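Engineer: Here's a structure for you.
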Amino acid sequence: MKLVCNKCGYRFESERIPEVCPYCGERGAITREKSAQEIIDEVAVDTDKQGNKQGE
Ligand SMILES: [Zn+2]
């Protein structure tokens, strides 16, 4: 999965989320980077609560 550091913005790929950023060393700053499609999907869910979730 793609990960990103919320402190320094460093992006990398890893099988699991490390405790500290490998670049700046900030603890707990690493989160999964959302793909553009995931961001679109979240907006779609917010604006369309009809219950007919597509995909998956
Ligand atoms: Zn960092």
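Residue numbering restarts at 1 for every chain of the structure tokens, chains are lettered A, B, ... in their displayed order, and ligands are numbered from 1 as they appear.
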Show me which residues line ligand 1, defined as having an atom within 6 Å of a ligand atom where only C-alpha atoms and all ligand atoms count, and present them as a count of residues only.
Structural biologist: 9
Engineer: Applying 7 Å and only C-alpha atoms, which residues near Met1 of chain A remain after dropping the ones on its own chain fewer than 2 positions away? List them as a list in words.
Structural biologist: Leu3, Glu13, Ser14 and Glu15 of chain A
Engineer: Got a sec to tell me which of chain A DSSP assigns to alpha helix (DSSP H), as a ChimeraX atom specification?
Structural biologist: /A:36-47
Engineer: To one decimal place, how far is atom CA of Thr31 of chain A from atom CA of Pro18 of chain A in Å?
Structural biologist: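 Interatomic distance here is 9.1 Å.
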Engineer: Mind checking DSSP for chain A and telling me the strand (DSSP E or B) residues as an MDAnalysis selection string?
Structural biologist: chainID A and resid 2:5 11:13 20 27 30:32
Engineer: One decimal, in Å: what's the spacing between atom CA of Ile17 of chain A and atom CA of Ile30 of chain A?
Structural biologist: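 Interatomic distance, atom CA of Ile17 of chain A to atom CA of Ile30 of chain A: 6.6 Å.
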Engineer: For the atom pair atom CA of Asn6 of chain A and atom CA of Thr47 of chain A, what is the interatomic distance in Å to one decimal place?
Structural biologist: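 Taking atom CA of Asn6 of chain A as the start and atom CA of Thr47 of chain A as the end point, the length is 26.8 Å.
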Engineer: Kindly indicate which residue among A:Arg27, A:Arg16, A:Glu33, A:Pro22 lies nearest to Val4 of chain A, using only C-alpha atoms for the distances.
Structural biologist: A:Glu33
